[in-house]
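Asks: Can you read through this structure? Questions will come right after.
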Amino acid sequence: MTFAYGAVPDNPRYGACWCPTLTGMSGPCLFVHPRRIRRGAALTLVFVSVLATGAAVGSWGAEPGHGKDPQPAGMPARAYVGAVESDQVKAAAAAAQEDGKSGSKAAREVVSRSGDRWGAVYSAREYEGFRQKLDGAYVGVGISAHRDAQGRIAVERVEPGSPAQKAGIRAGDRLRTVDGENVTGRPVTEVVALLRGPADGSPGTRVELGLGRGGHKWTQELRRARLTTDPVTVDRLSGYDAHRPGAVRIKVDSFTKGTGERIRRAVRATPRGDGILLDLRGNSGGLVSEAVTAASSLLDGGLVATYDVRGDQRVLDARPGGDTDSPLVVLVDGGTMSAAELLTGALQDRGRAVVVGSRTFGKGSVQMPSELPDGSVAELTVGHYRTPAGRNVDGEGIDPDLAVKGDDGPSAEARARTVLSGLGGGS
């Protein structure tokens, strides 16, 4: 399962798309607005999505200036979600605390009964971890993980150069324990908190992992480190005639801080006449503002998306001056979520790109965060966003122009390259 990052208290805020990593986070989406966090960090308009398994959340931030007044003054402080609103959740948490019980647990029970598909409650520590990962840096051991249907935690990805990679941990290994605590069956968010360690997230602190690979089980002691993420990879596609137009692949894993500018620079550096393959497969989302910046590099202004908060309509616009000449193909799959779907929908509806792959995840709802008495945060759904053509994304996803079976293998990329060649991007 995957997840994203979030923002905090009492204002429509963001969601991100990330997949819970055992070091920070990574994963899906939602919309939100500037909000001051416990430690003074400002979080902005974002999309957040949570996978049905419960540990997937994502966030994207949209900053003022991206679009027309994305954060209107006088935004209502109360968020209604079906039969539940933020005040009800806060009241349940406060009452539980007065009785000596867990306020966050009471809040989770109220949200789960509300029927809000994307509603969730997160600890302050989890939110802080999300924020750090969206900033492109976090303290951890470099492991991204997911939980399977049996509740087992498996390593999904190991960051290059991380403590986990240096220790020989591989994708597919099973994580059994963290500092002696069994993690099987626990939400990935809790596992992430264990891996992050002390509240101050100090680099150099030790953590002992119980691991499994096939029939082999072992323990491994690691030291946490401050890690940075680079979600954008740029390379030239092979197989093209050096004397004729070629193609560049821009692979984007998530939309953390600075991702949009990285994409802009990659687009500007693409030789005239070359095609661009924008690979968004497995992209669980991120900051909406970064997705809008990315859209601005490939559009000459105009609409990127619309969204509503309790019926109040707003828009996100691209800045003028983007590249509208280079042939462009966008590659997507079922792991393309939130902010990545927002970008895909904009490029498809505006006729800027041919989309190849399979239907995207389908996360396009707007959540509003509210801080609870114990410092945890409840996110409740208050609206939805749509593509420039008015298509609803939430629960629907985006259908590619050219569907390819087995899109998680080389067949989808091969088809995308063929399409790109047909558009004039390479021979």
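Labels used: A, B, ... for chains in the order of the structure tokens, numbers from 1 for residues in each chain, and numbers from 1 for ligands as shown.
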Enumerate as a PDB file with N, CA, C and O atoms, in the first residue's frame all residues of range 46-292 of chain A assigned to helix (DSSP H, G or I) by DSSP on the backbone, naming them with the chain letters and numbers the document uses.
Replies:
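Result went into part-v9.pdb, see below:
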```pdb
ATOM      1  N   SER A  86     -15.802  18.232  11.630  1.00  0.00           N
ATOM      2  CA  SER A  86     -14.586  18.286  12.427  1.00  0.00           C
ATOM      3  C   SER A  86     -14.877  18.538  13.898  1.00  0.00           C
ATOM      4  O   SER A  86     -14.209  17.990  14.785  1.00  0.00           O
ATOM      5  N   ASP A  87     -15.884  19.368  14.190  1.00  0.00           N
ATOM      6  CA  ASP A  87     -16.202  19.655  15.588  1.00  0.00           C
ATOM      7  C   ASP A  87     -16.645  18.391  16.328  1.00  0.00           C
ATOM      8  O   ASP A  87     -16.350  18.211  17.513  1.00  0.00           O
ATOM      9  N   GLN A  88     -17.357  17.514  15.641  1.00  0.00           N
ATOM     10  CA  GLN A  88     -17.797  16.269  16.258  1.00  0.00           C
ATOM     11  C   GLN A  88     -16.606  15.368  16.579  1.00  0.00           C
ATOM     12  O   GLN A  88     -16.563  14.728  17.636  1.00  0.00           O
ATOM     13  N   VAL A  89     -15.667  15.307  15.647  1.00  0.00           N
ATOM     14  CA  VAL A  89     -14.486  14.478  15.858  1.00  0.00           C
ATOM     15  C   VAL A  89     -13.670  15.020  17.026  1.00  0.00           C
ATOM     16  O   VAL A  89     -13.208  14.267  17.888  1.00  0.00           O
ATOM     17  N   LYS A  90     -13.500  16.346  17.070  1.00  0.00           N
ATOM     18  CA  LYS A  90     -12.757  16.969  18.172  1.00  0.00           C
ATOM     19  C   LYS A  90     -13.445  16.709  19.511  1.00  0.00           C
ATOM     20  O   LYS A  90     -12.796  16.425  20.527  1.00  0.00           O
ATOM     21  N   ALA A  91     -14.777  16.808  19.518  1.00  0.00           N
ATOM     22  CA  ALA A  91     -15.522  16.604  20.755  1.00  0.00           C
ATOM     23  C   ALA A  91     -15.364  15.170  21.259  1.00  0.00           C
ATOM     24  O   ALA A  91     -15.198  14.932  22.457  1.00  0.00           O
ATOM     25  N   ALA A  92     -15.388  14.206  20.338  1.00  0.00           N
ATOM     26  CA  ALA A  92     -15.233  12.805  20.725  1.00  0.00           C
ATOM     27  C   ALA A  92     -13.842  12.559  21.302  1.00  0.00           C
ATOM     28  O   ALA A  92     -13.679  11.842  22.296  1.00  0.00           O
ATOM     29  N   ALA A  93     -12.832  13.188  20.687  1.00  0.00           N
ATOM     30  CA  ALA A  93     -11.464  13.027  21.171  1.00  0.00           C
ATOM     31  C   ALA A  93     -11.301  13.655  22.550  1.00  0.00           C
ATOM     32  O   ALA A  93     -10.673  13.076  23.448  1.00  0.00           O
ATOM     33  N   ALA A  94     -11.873  14.843  22.746  1.00  0.00           N
ATOM     34  CA  ALA A  94     -11.768  15.536  24.031  1.00  0.00           C
ATOM     35  C   ALA A  94     -12.472  14.747  25.132  1.00  0.00           C
ATOM     36  O   ALA A  94     -11.960  14.621  26.261  1.00  0.00           O
ATOM     37  N   ALA A  95     -13.646  14.203  24.824  1.00  0.00           N
ATOM     38  CA  ALA A  95     -14.399  13.435  25.816  1.00  0.00           C
ATOM     39  C   ALA A  95     -13.640  12.189  26.234  1.00  0.00           C
ATOM     40  O   ALA A  95     -13.609  11.813  27.412  1.00  0.00           O
ATOM     41  N   ALA A  96     -12.996  11.538  25.260  1.00  0.00           N
ATOM     42  CA  ALA A  96     -12.222  10.333  25.572  1.00  0.00           C
ATOM     43  C   ALA A  96     -11.051  10.670  26.484  1.00  0.00           C
ATOM     44  O   ALA A  96     -10.757   9.934  27.435  1.00  0.00           O
ATOM     45  N   GLN A  97     -10.388  11.791  26.181  1.00  0.00           N
ATOM     46  CA  GLN A  97      -9.254  12.196  27.014  1.00  0.00           C
ATOM     47  C   GLN A  97      -9.680  12.485  28.451  1.00  0.00           C
ATOM     48  O   GLN A  97      -8.992  12.141  29.404  1.00  0.00           O
ATOM     49  N   GLU A  98     -10.836  13.118  28.607  1.00  0.00           N
ATOM     50  CA  GLU A  98     -11.332  13.424  29.946  1.00  0.00           C
ATOM     51  C   GLU A  98     -11.601  12.152  30.746  1.00  0.00           C
ATOM     52  O   GLU A  98     -11.494  12.140  31.975  1.00  0.00           O
ATOM     53  N   GLY A 103      -7.652   9.827  22.935  1.00  0.00           N
ATOM     54  CA  GLY A 103      -8.441  10.739  22.115  1.00  0.00           C
ATOM     55  C   GLY A 103      -8.343  10.409  20.641  1.00  0.00           C
ATOM     56  O   GLY A 103      -9.344  10.465  19.916  1.00  0.00           O
ATOM     57  N   SER A 104      -7.144  10.049  20.169  1.00  0.00           N
ATOM     58  CA  SER A 104      -6.980   9.738  18.746  1.00  0.00           C
ATOM     59  C   SER A 104      -7.731   8.465  18.374  1.00  0.00           C
ATOM     60  O   SER A 104      -8.294   8.362  17.276  1.00  0.00           O
ATOM     61  N   LYS A 105      -7.787   7.495  19.300  1.00  0.00           N
ATOM     62  CA  LYS A 105      -8.528   6.264  19.017  1.00  0.00           C
ATOM     63  C   LYS A 105     -10.017   6.564  18.894  1.00  0.00           C
ATOM     64  O   LYS A 105     -10.698   6.050  17.986  1.00  0.00           O
ATOM     65  N   ALA A 106     -10.525   7.416  19.765  1.00  0.00           N
ATOM     66  CA  ALA A 106     -11.941   7.787  19.699  1.00  0.00           C
ATOM     67  C   ALA A 106     -12.228   8.516  18.392  1.00  0.00           C
ATOM     68  O   ALA A 106     -13.275   8.310  17.766  1.00  0.00           O
ATOM     69  N   ALA A 107     -11.306   9.376  17.992  1.00  0.00           N
ATOM     70  CA  ALA A 107     -11.485  10.111  16.740  1.00  0.00           C
ATOM     71  C   ALA A 107     -11.515   9.158  15.552  1.00  0.00           C
ATOM     72  O   ALA A 107     -12.324   9.314  14.631  1.00  0.00           O
ATOM     73  N   ARG A 108     -10.627   8.151  15.572  1.00  0.00           N
ATOM     74  CA  ARG A 108     -10.600   7.174  14.475  1.00  0.00           C
ATOM     75  C   ARG A 108     -11.919   6.418  14.382  1.00  0.00           C
ATOM     76  O   ARG A 108     -12.403   6.125  13.288  1.00  0.00           O
ATOM     77  N   GLU A 109     -12.498   6.098  15.527  1.00  0.00           N
ATOM     78  CA  GLU A 109     -13.774   5.379  15.526  1.00  0.00           C
ATOM     79  C   GLU A 109     -14.876   6.225  14.906  1.00  0.00           C
ATOM     80  O   GLU A 109     -15.696   5.735  14.132  1.00  0.00           O
ATOM     81  N   VAL A 110     -14.902   7.522  15.226  1.00  0.00           N
ATOM     82  CA  VAL A 110     -15.916   8.413  14.663  1.00  0.00           C
ATOM     83  C   VAL A 110     -15.734   8.534  13.151  1.00  0.00           C
ATOM     84  O   VAL A 110     -16.698   8.464  12.382  1.00  0.00           O
ATOM     85  N   VAL A 111     -14.500   8.714  12.720  1.00  0.00           N
ATOM     86  CA  VAL A 111     -14.227   8.874  11.286  1.00  0.00           C
ATOM     87  C   VAL A 111     -14.567   7.589  10.532  1.00  0.00           C
ATOM     88  O   VAL A 111     -15.160   7.630   9.448  1.00  0.00           O
ATOM     89  N   SER A 112     -14.223   6.433  11.110  1.00  0.00           N
ATOM     90  CA  SER A 112     -14.488   5.163  10.431  1.00  0.00           C
ATOM     91  C   SER A 112     -15.981   4.918  10.275  1.00  0.00           C
ATOM     92  O   SER A 112     -16.429   4.323   9.296  1.00  0.00           O
ATOM     93  N   ARG A 113     -16.788   5.392  11.248  1.00  0.00           N
ATOM     94  CA  ARG A 113     -18.241   5.208  11.168  1.00  0.00           C
ATOM     95  C   ARG A 113     -18.907   6.229  10.245  1.00  0.00           C
ATOM     96  O   ARG A 113     -20.075   6.065   9.891  1.00  0.00           O
ATOM     97  N   SER A 114     -18.180   7.282   9.888  1.00  0.00           N
ATOM     98  CA  SER A 114     -18.788   8.375   9.125  1.00  0.00           C
ATOM     99  C   SER A 114     -19.045   8.026   7.665  1.00  0.00           C
ATOM    100  O   SER A 114     -19.820   8.702   6.991  1.00  0.00           O
ATOM    101  N   ALA A 124       0.738  13.463  15.483  1.00  0.00           N
ATOM    102  CA  ALA A 124       1.541  14.645  15.151  1.00  0.00           C
ATOM    103  C   ALA A 124       2.900  14.223  14.601  1.00  0.00           C
ATOM    104  O   ALA A 124       3.452  14.855  13.697  1.00  0.00           O
ATOM    105  N   ARG A 125       3.413  13.150  15.124  1.00  0.00           N
ATOM    106  CA  ARG A 125       4.719  12.657  14.686  1.00  0.00           C
ATOM    107  C   ARG A 125       4.663  12.166  13.245  1.00  0.00           C
ATOM    108  O   ARG A 125       5.585  12.399  12.453  1.00  0.00           O
ATOM    109  N   GLU A 126       3.595  11.462  12.895  1.00  0.00           N
ATOM    110  CA  GLU A 126       3.441  11.004  11.525  1.00  0.00           C
ATOM    111  C   GLU A 126       3.346  12.177  10.562  1.00  0.00           C
ATOM    112  O   GLU A 126       3.945  12.174   9.478  1.00  0.00           O
ATOM    113  N   TYR A 127       2.611  13.214  10.962  1.00  0.00           N
ATOM    114  CA  TYR A 127       2.473  14.392  10.114  1.00  0.00           C
ATOM    115  C   TYR A 127       3.808  15.097   9.916  1.00  0.00           C
ATOM    116  O   TYR A 127       4.114  15.589   8.841  1.00  0.00           O
ATOM    117  N   GLU A 128       4.583  15.150  10.984  1.00  0.00           N
ATOM    118  CA  GLU A 128       5.894  15.785  10.876  1.00  0.00           C
ATOM    119  C   GLU A 128       6.775  15.006   9.907  1.00  0.00           C
ATOM    120  O   GLU A 128       7.536  15.581   9.130  1.00  0.00           O
ATOM    121  N   GLY A 129       6.664  13.680   9.932  1.00  0.00           N
ATOM    122  CA  GLY A 129       7.419  12.850   9.009  1.00  0.00           C
ATOM    123  C   GLY A 129       7.010  13.113   7.577  1.00  0.00           C
ATOM    124  O   GLY A 129       7.854  13.190   6.668  1.00  0.00           O
ATOM    125  N   PHE A 130       5.708  13.268   7.357  1.00  0.00           N
ATOM    126  CA  PHE A 130       5.212  13.559   6.011  1.00  0.00           C
ATOM    127  C   PHE A 130       5.789  14.880   5.520  1.00  0.00           C
ATOM    128  O   PHE A 130       6.225  15.012   4.380  1.00  0.00           O
ATOM    129  N   ARG A 131       5.764  15.867   6.401  1.00  0.00           N
ATOM    130  CA  ARG A 131       6.237  17.193   6.010  1.00  0.00           C
ATOM    131  C   ARG A 131       7.711  17.155   5.619  1.00  0.00           C
ATOM    132  O   ARG A 131       8.116  17.744   4.618  1.00  0.00           O
ATOM    133  N   GLN A 132       8.506  16.450   6.401  1.00  0.00           N
ATOM    134  CA  GLN A 132       9.925  16.350   6.092  1.00  0.00           C
ATOM    135  C   GLN A 132      10.149  15.681   4.749  1.00  0.00           C
ATOM    136  O   GLN A 132      10.996  16.104   3.963  1.00  0.00           O
ATOM    137  N   LYS A 133       9.392  14.611   4.485  1.00  0.00           N
ATOM    138  CA  LYS A 133       9.594  13.904   3.223  1.00  0.00           C
ATOM    139  C   LYS A 133       9.186  14.776   2.047  1.00  0.00           C
ATOM    140  O   LYS A 133       9.826  14.747   0.996  1.00  0.00           O
ATOM    141  N   LEU A 134       8.133  15.563   2.202  1.00  0.00           N
ATOM    142  CA  LEU A 134       7.724  16.466   1.130  1.00  0.00           C
ATOM    143  C   LEU A 134       8.765  17.539   0.885  1.00  0.00           C
ATOM    144  O   LEU A 134       8.874  18.078  -0.206  1.00  0.00           O
ATOM    145  N   PRO A 163      21.599   3.723   4.660  1.00  0.00           N
ATOM    146  CA  PRO A 163      22.079   2.689   5.585  1.00  0.00           C
ATOM    147  C   PRO A 163      21.536   1.297   5.228  1.00  0.00           C
ATOM    148  O   PRO A 163      22.265   0.310   5.340  1.00  0.00           O
ATOM    149  N   ALA A 164      20.285   1.224   4.805  1.00  0.00           N
ATOM    150  CA  ALA A 164      19.702  -0.074   4.455  1.00  0.00           C
ATOM    151  C   ALA A 164      20.402  -0.681   3.239  1.00  0.00           C
ATOM    152  O   ALA A 164      20.689  -1.882   3.199  1.00  0.00           O
ATOM    153  N   GLN A 165      20.697   0.150   2.253  1.00  0.00           N
ATOM    154  CA  GLN A 165      21.354  -0.345   1.042  1.00  0.00           C
ATOM    155  C   GLN A 165      22.771  -0.821   1.357  1.00  0.00           C
ATOM    156  O   GLN A 165      23.216  -1.864   0.884  1.00  0.00           O
ATOM    157  N   LYS A 166      23.483  -0.070   2.187  1.00  0.00           N
ATOM    158  CA  LYS A 166      24.843  -0.448   2.564  1.00  0.00           C
ATOM    159  C   LYS A 166      24.862  -1.735   3.379  1.00  0.00           C
ATOM    160  O   LYS A 166      25.857  -2.469   3.376  1.00  0.00           O
ATOM    161  N   VAL A 188       1.256   0.781   8.404  1.00  0.00           N
ATOM    162  CA  VAL A 188       2.568   1.192   7.936  1.00  0.00           C
ATOM    163  C   VAL A 188       2.993   2.503   8.585  1.00  0.00           C
ATOM    164  O   VAL A 188       4.175   2.735   8.837  1.00  0.00           O
ATOM    165  N   THR A 189       2.023   3.373   8.877  1.00  0.00           N
ATOM    166  CA  THR A 189       2.365   4.636   9.518  1.00  0.00           C
ATOM    167  C   THR A 189       3.048   4.409  10.861  1.00  0.00           C
ATOM    168  O   THR A 189       3.986   5.112  11.227  1.00  0.00           O
ATOM    169  N   GLU A 190       2.579   3.410  11.608  1.00  0.00           N
ATOM    170  CA  GLU A 190       3.185   3.116  12.903  1.00  0.00           C
ATOM    171  C   GLU A 190       4.588   2.541  12.719  1.00  0.00           C
ATOM    172  O   GLU A 190       5.505   2.832  13.499  1.00  0.00           O
ATOM    173  N   VAL A 191       4.747   1.709  11.708  1.00  0.00           N
ATOM    174  CA  VAL A 191       6.059   1.131  11.434  1.00  0.00           C
ATOM    175  C   VAL A 191       7.042   2.235  11.066  1.00  0.00           C
ATOM    176  O   VAL A 191       8.196   2.246  11.503  1.00  0.00           O
ATOM    177  N   VAL A 192       6.567   3.181  10.281  1.00  0.00           N
ATOM    178  CA  VAL A 192       7.408   4.306   9.888  1.00  0.00           C
ATOM    179  C   VAL A 192       7.856   5.086  11.119  1.00  0.00           C
ATOM    180  O   VAL A 192       9.024   5.477  11.248  1.00  0.00           O
ATOM    181  N   ALA A 193       6.922   5.321  12.043  1.00  0.00           N
ATOM    182  CA  ALA A 193       7.261   6.056  13.259  1.00  0.00           C
ATOM    183  C   ALA A 193       8.329   5.310  14.061  1.00  0.00           C
ATOM    184  O   ALA A 193       9.241   5.918  14.619  1.00  0.00           O
ATOM    185  N   LEU A 194       8.242   3.987  14.121  1.00  0.00           N
ATOM    186  CA  LEU A 194       9.248   3.203  14.827  1.00  0.00           C
ATOM    187  C   LEU A 194      10.610   3.332  14.158  1.00  0.00           C
ATOM    188  O   LEU A 194      11.643   3.458  14.823  1.00  0.00           O
ATOM    189  N   LEU A 195      10.626   3.309  12.841  1.00  0.00           N
ATOM    190  CA  LEU A 195      11.884   3.409  12.113  1.00  0.00           C
ATOM    191  C   LEU A 195      12.509   4.788  12.237  1.00  0.00           C
ATOM    192  O   LEU A 195      13.723   4.932  12.235  1.00  0.00           O
ATOM    193  N   ARG A 196      11.650   5.813  12.351  1.00  0.00           N
ATOM    194  CA  ARG A 196      12.173   7.173  12.477  1.00  0.00           C
ATOM    195  C   ARG A 196      12.810   7.390  13.835  1.00  0.00           C
ATOM    196  O   ARG A 196      13.678   8.246  13.998  1.00  0.00           O
ATOM    197  N   THR A 259      10.519  19.448  -7.292  1.00  0.00           N
ATOM    198  CA  THR A 259      10.317  18.535  -8.418  1.00  0.00           C
ATOM    199  C   THR A 259       9.881  19.275  -9.681  1.00  0.00           C
ATOM    200  O   THR A 259      10.357  18.991 -10.782  1.00  0.00           O
ATOM    201  N   GLY A 260       8.961  20.225  -9.529  1.00  0.00           N
ATOM    202  CA  GLY A 260       8.472  20.961 -10.694  1.00  0.00           C
ATOM    203  C   GLY A 260       9.585  21.689 -11.421  1.00  0.00           C
ATOM    204  O   GLY A 260       9.653  21.684 -12.660  1.00  0.00           O
ATOM    205  N   GLU A 261      10.493  22.308 -10.663  1.00  0.00           N
ATOM    206  CA  GLU A 261      11.612  23.030 -11.282  1.00  0.00           C
ATOM    207  C   GLU A 261      12.573  22.058 -11.949  1.00  0.00           C
ATOM    208  O   GLU A 261      13.143  22.370 -13.000  1.00  0.00           O
ATOM    209  N   ARG A 262      12.774  20.883 -11.353  1.00  0.00           N
ATOM    210  CA  ARG A 262      13.630  19.873 -11.985  1.00  0.00           C
ATOM    211  C   ARG A 262      13.057  19.466 -13.331  1.00  0.00           C
ATOM    212  O   ARG A 262      13.796  19.301 -14.317  1.00  0.00           O
ATOM    213  N   ILE A 263      11.753  19.299 -13.390  1.00  0.00           N
ATOM    214  CA  ILE A 263      11.110  18.933 -14.649  1.00  0.00           C
ATOM    215  C   ILE A 263      11.240  20.072 -15.647  1.00  0.00           C
ATOM    216  O   ILE A 263      11.525  19.864 -16.837  1.00  0.00           O
ATOM    217  N   ARG A 264      11.050  21.309 -15.183  1.00  0.00           N
ATOM    218  CA  ARG A 264      11.170  22.467 -16.065  1.00  0.00           C
ATOM    219  C   ARG A 264      12.565  22.530 -16.706  1.00  0.00           C
ATOM    220  O   ARG A 264      12.701  22.750 -17.906  1.00  0.00           O
ATOM    221  N   ARG A 265      13.587  22.313 -15.886  1.00  0.00           N
ATOM    222  CA  ARG A 265      14.953  22.363 -16.414  1.00  0.00           C
ATOM    223  C   ARG A 265      15.199  21.238 -17.426  1.00  0.00           C
ATOM    224  O   ARG A 265      15.867  21.427 -18.438  1.00  0.00           O
ATOM    225  N   ALA A 266      14.635  20.055 -17.127  1.00  0.00           N
ATOM    226  CA  ALA A 266      14.811  18.926 -18.045  1.00  0.00           C
ATOM    227  C   ALA A 266      14.131  19.198 -19.382  1.00  0.00           C
ATOM    228  O   ALA A 266      14.672  18.863 -20.448  1.00  0.00           O
ATOM    229  N   VAL A 267      12.953  19.806 -19.339  1.00  0.00           N
ATOM    230  CA  VAL A 267      12.236  20.132 -20.580  1.00  0.00           C
ATOM    231  C   VAL A 267      13.018  21.170 -21.377  1.00  0.00           C
ATOM    232  O   VAL A 267      13.184  21.044 -22.602  1.00  0.00           O
ATOM    233  N   ARG A 268      13.515  22.196 -20.710  1.00  0.00           N
ATOM    234  CA  ARG A 268      14.263  23.243 -21.402  1.00  0.00           C
ATOM    235  C   ARG A 268      15.563  22.728 -22.002  1.00  0.00           C
ATOM    236  O   ARG A 268      16.041  23.249 -23.016  1.00  0.00           O
ATOM    237  N   ALA A 269      16.148  21.704 -21.375  1.00  0.00           N
ATOM    238  CA  ALA A 269      17.415  21.157 -21.857  1.00  0.00           C
ATOM    239  C   ALA A 269      17.229  20.150 -22.986  1.00  0.00           C
ATOM    240  O   ALA A 269      18.206  19.726 -23.603  1.00  0.00           O
ATOM    241  N   VAL A 288       0.838  19.755  -4.822  1.00  0.00           N
ATOM    242  CA  VAL A 288       0.093  20.227  -5.979  1.00  0.00           C
ATOM    243  C   VAL A 288       0.827  21.366  -6.662  1.00  0.00           C
ATOM    244  O   VAL A 288       0.849  21.462  -7.885  1.00  0.00           O
ATOM    245  N   SER A 289       1.438  22.239  -5.890  1.00  0.00           N
ATOM    246  CA  SER A 289       2.158  23.363  -6.481  1.00  0.00           C
ATOM    247  C   SER A 289       3.257  22.877  -7.421  1.00  0.00           C
ATOM    248  O   SER A 289       3.530  23.490  -8.454  1.00  0.00           O
ATOM    249  N   GLU A 290       3.884  21.727  -7.080  1.00  0.00           N
ATOM    250  CA  GLU A 290       4.943  21.190  -7.929  1.00  0.00           C
ATOM    251  C   GLU A 290       4.362  20.608  -9.217  1.00  0.00           C
ATOM    252  O   GLU A 290       4.963  20.710 -10.285  1.00  0.00           O
ATOM    253  N   ALA A 291       3.177  19.996  -9.126  1.00  0.00           N
ATOM    254  CA  ALA A 291       2.523  19.474 -10.322  1.00  0.00           C
ATOM    255  C   ALA A 291       2.120  20.620 -11.248  1.00  0.00           C
ATOM    256  O   ALA A 291       2.204  20.508 -12.474  1.00  0.00           O
ATOM    257  N   VAL A 292       1.683  21.742 -10.673  1.00  0.00           N
ATOM    258  CA  VAL A 292       1.315  22.905 -11.478  1.00  0.00           C
ATOM    259  C   VAL A 292       2.555  23.493 -12.155  1.00  0.00           C
ATOM    260  O   VAL A 292       2.516  23.898 -13.317  1.00  0.00           O
TER     261      VAL A 292
END
```
Asks: Report as a list of chain:residue names all protein, DNA and RNA residues lying within 9 Å of Arg176 in chain A, evaluated on only C-alpha atoms, omitting residues in the same chain fewer than 6 positions from it.
Replies: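 In the requested form, the answer reads A:Arg152, A:Ile153, A:Ala154, A:Asn182, A:Val183, A:Thr184, A:Leu209, A:Gly210, A:Leu211, A:Gly212, A:Lys217.
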Asks: Using only C-alpha atoms for the distances, tell me which of A:Pro373, A:Gly424, A:Gly321, A:Pro400 is nearest to Ser123 in chain A.
Replies: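 Nearest to Ser123 in chain A: A:Pro373.
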Asks: Please determine, counting only C-alpha atoms, which residue among A:Ala295, A:Thr387, A:Gly282, A:Arg206 has the shortest atom-to-atom distance to Val315 in chain A.
Replies: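 Among the listed residues, the smallest separation from Val315 in chain A belongs to A:Thr387.
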Asks: Within 12 Å of Leu423 in chain A, counting only C-alpha atoms, which residues qualify if same-chain residues fewer than 3 places away don't, as a list in words?
Replies: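 Once the adjacent positions are removed, what remains is Pro245, Gly246, Ala247, Gly273, Asp274, Gly275, Ile276, Leu277, Asp325, Ser326, Pro327, Leu328, Val329, Arg352, Ala353, Val354, Ala416, Arg417, Thr418, Val419, Leu420, Gly426 and Ser427 of chain A.
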Asks: Quote the spacing between CA of Arg314 in chain A and CA of Arg386 in chain A in Å to one decimal place.
Replies: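 Computed distance, CA of Arg314 in chain A to CA of Arg386 in chain A, equals 10.5 Å.
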Asks: What's around Lys251 in chain A at 7 Å? Count only C-alpha atoms, leave out sequence neighbours fewer than 2 positions away in its own chain, and write the answer as a PyMOL selection string.
Replies: chain A and resi 232-234+249+253+278-280
Asks: Print the selection's residues with all heavy atoms to a file, as a CSV table (one decimal), in the first residue's frame.
Replies:
```csv
chain,number,residue,atom,x,y,z
A,232,VAL,N,13.3,12.8,-9.5
A,232,VAL,CA,13.3,13.0,-11.0
A,232,VAL,C,14.6,12.4,-11.6
A,232,VAL,O,15.7,12.7,-11.2
A,232,VAL,CB,13.2,14.5,-11.3
A,232,VAL,CG1,13.2,14.6,-12.8
A,232,VAL,CG2,12.0,15.1,-10.7
A,233,THR,N,14.4,11.5,-12.6
A,233,THR,CA,15.5,10.9,-13.3
A,233,THR,C,15.4,11.2,-14.8
A,233,THR,O,14.3,11.1,-15.3
A,233,THR,CB,15.5,9.4,-13.1
A,233,THR,OG1,15.6,9.1,-11.7
A,233,THR,CG2,16.7,8.8,-13.8
A,234,VAL,N,16.4,11.8,-15.4
A,234,VAL,CA,16.4,12.1,-16.8
A,234,VAL,C,17.5,11.4,-17.5
A,234,VAL,O,18.6,11.3,-17.1
A,234,VAL,CB,16.7,13.7,-16.9
A,234,VAL,CG1,16.6,14.0,-18.4
A,234,VAL,CG2,15.7,14.5,-16.1
A,249,ARG,N,13.7,10.7,-21.7
A,249,ARG,CA,12.7,10.2,-20.7
A,249,ARG,C,12.9,10.9,-19.4
A,249,ARG,O,14.0,11.0,-18.9
A,249,ARG,CB,13.0,8.7,-20.4
A,249,ARG,CG,12.1,8.1,-19.3
A,249,ARG,CD,12.3,6.6,-19.2
A,249,ARG,NE,13.6,6.2,-19.3
A,249,ARG,CZ,14.1,5.0,-19.8
A,249,ARG,NH1,13.2,4.2,-20.2
A,249,ARG,NH2,15.4,4.8,-19.8
A,253,ASP,N,9.0,10.1,-9.7
A,253,ASP,CA,8.5,9.2,-8.7
A,253,ASP,C,7.5,9.8,-7.8
A,253,ASP,O,6.6,9.2,-7.3
A,253,ASP,CB,9.7,8.6,-7.9
A,253,ASP,CG,10.6,7.7,-8.7
A,253,ASP,OD1,10.1,7.1,-9.7
A,253,ASP,OD2,11.8,7.7,-8.5
A,278,LEU,N,7.3,11.3,-20.6
A,278,LEU,CA,7.1,11.7,-19.2
A,278,LEU,C,6.5,10.4,-18.5
A,278,LEU,O,5.4,10.1,-18.6
A,278,LEU,CB,6.1,12.9,-19.0
A,278,LEU,CG,5.9,13.4,-17.6
A,278,LEU,CD1,7.1,13.8,-17.0
A,278,LEU,CD2,4.8,14.5,-17.7
A,279,ASP,N,7.4,9.8,-17.7
A,279,ASP,CA,7.0,8.5,-17.0
A,279,ASP,C,6.5,8.8,-15.6
A,279,ASP,O,7.3,9.1,-14.7
A,279,ASP,CB,8.2,7.6,-17.0
A,279,ASP,CG,7.9,6.2,-16.6
A,279,ASP,OD1,6.7,6.0,-16.1
A,279,ASP,OD2,8.7,5.3,-16.7
A,280,LEU,N,5.2,8.6,-15.4
A,280,LEU,CA,4.5,8.9,-14.1
A,280,LEU,C,4.0,7.6,-13.5
A,280,LEU,O,3.2,7.6,-12.6
A,280,LEU,CB,3.4,9.8,-14.3
A,280,LEU,CG,3.7,11.2,-14.8
A,280,LEU,CD1,2.5,12.1,-14.9
A,280,LEU,CD2,4.8,11.9,-13.9
```
Asks: Which is closest to Tyr138 in chain A among A:Thr270, A:Thr256, A:Asn283, A:Gln348, if we use only C-alpha atoms?
Replies: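 Counting only C-alpha atoms, the residue closest to Tyr138 in chain A is A:Thr256.
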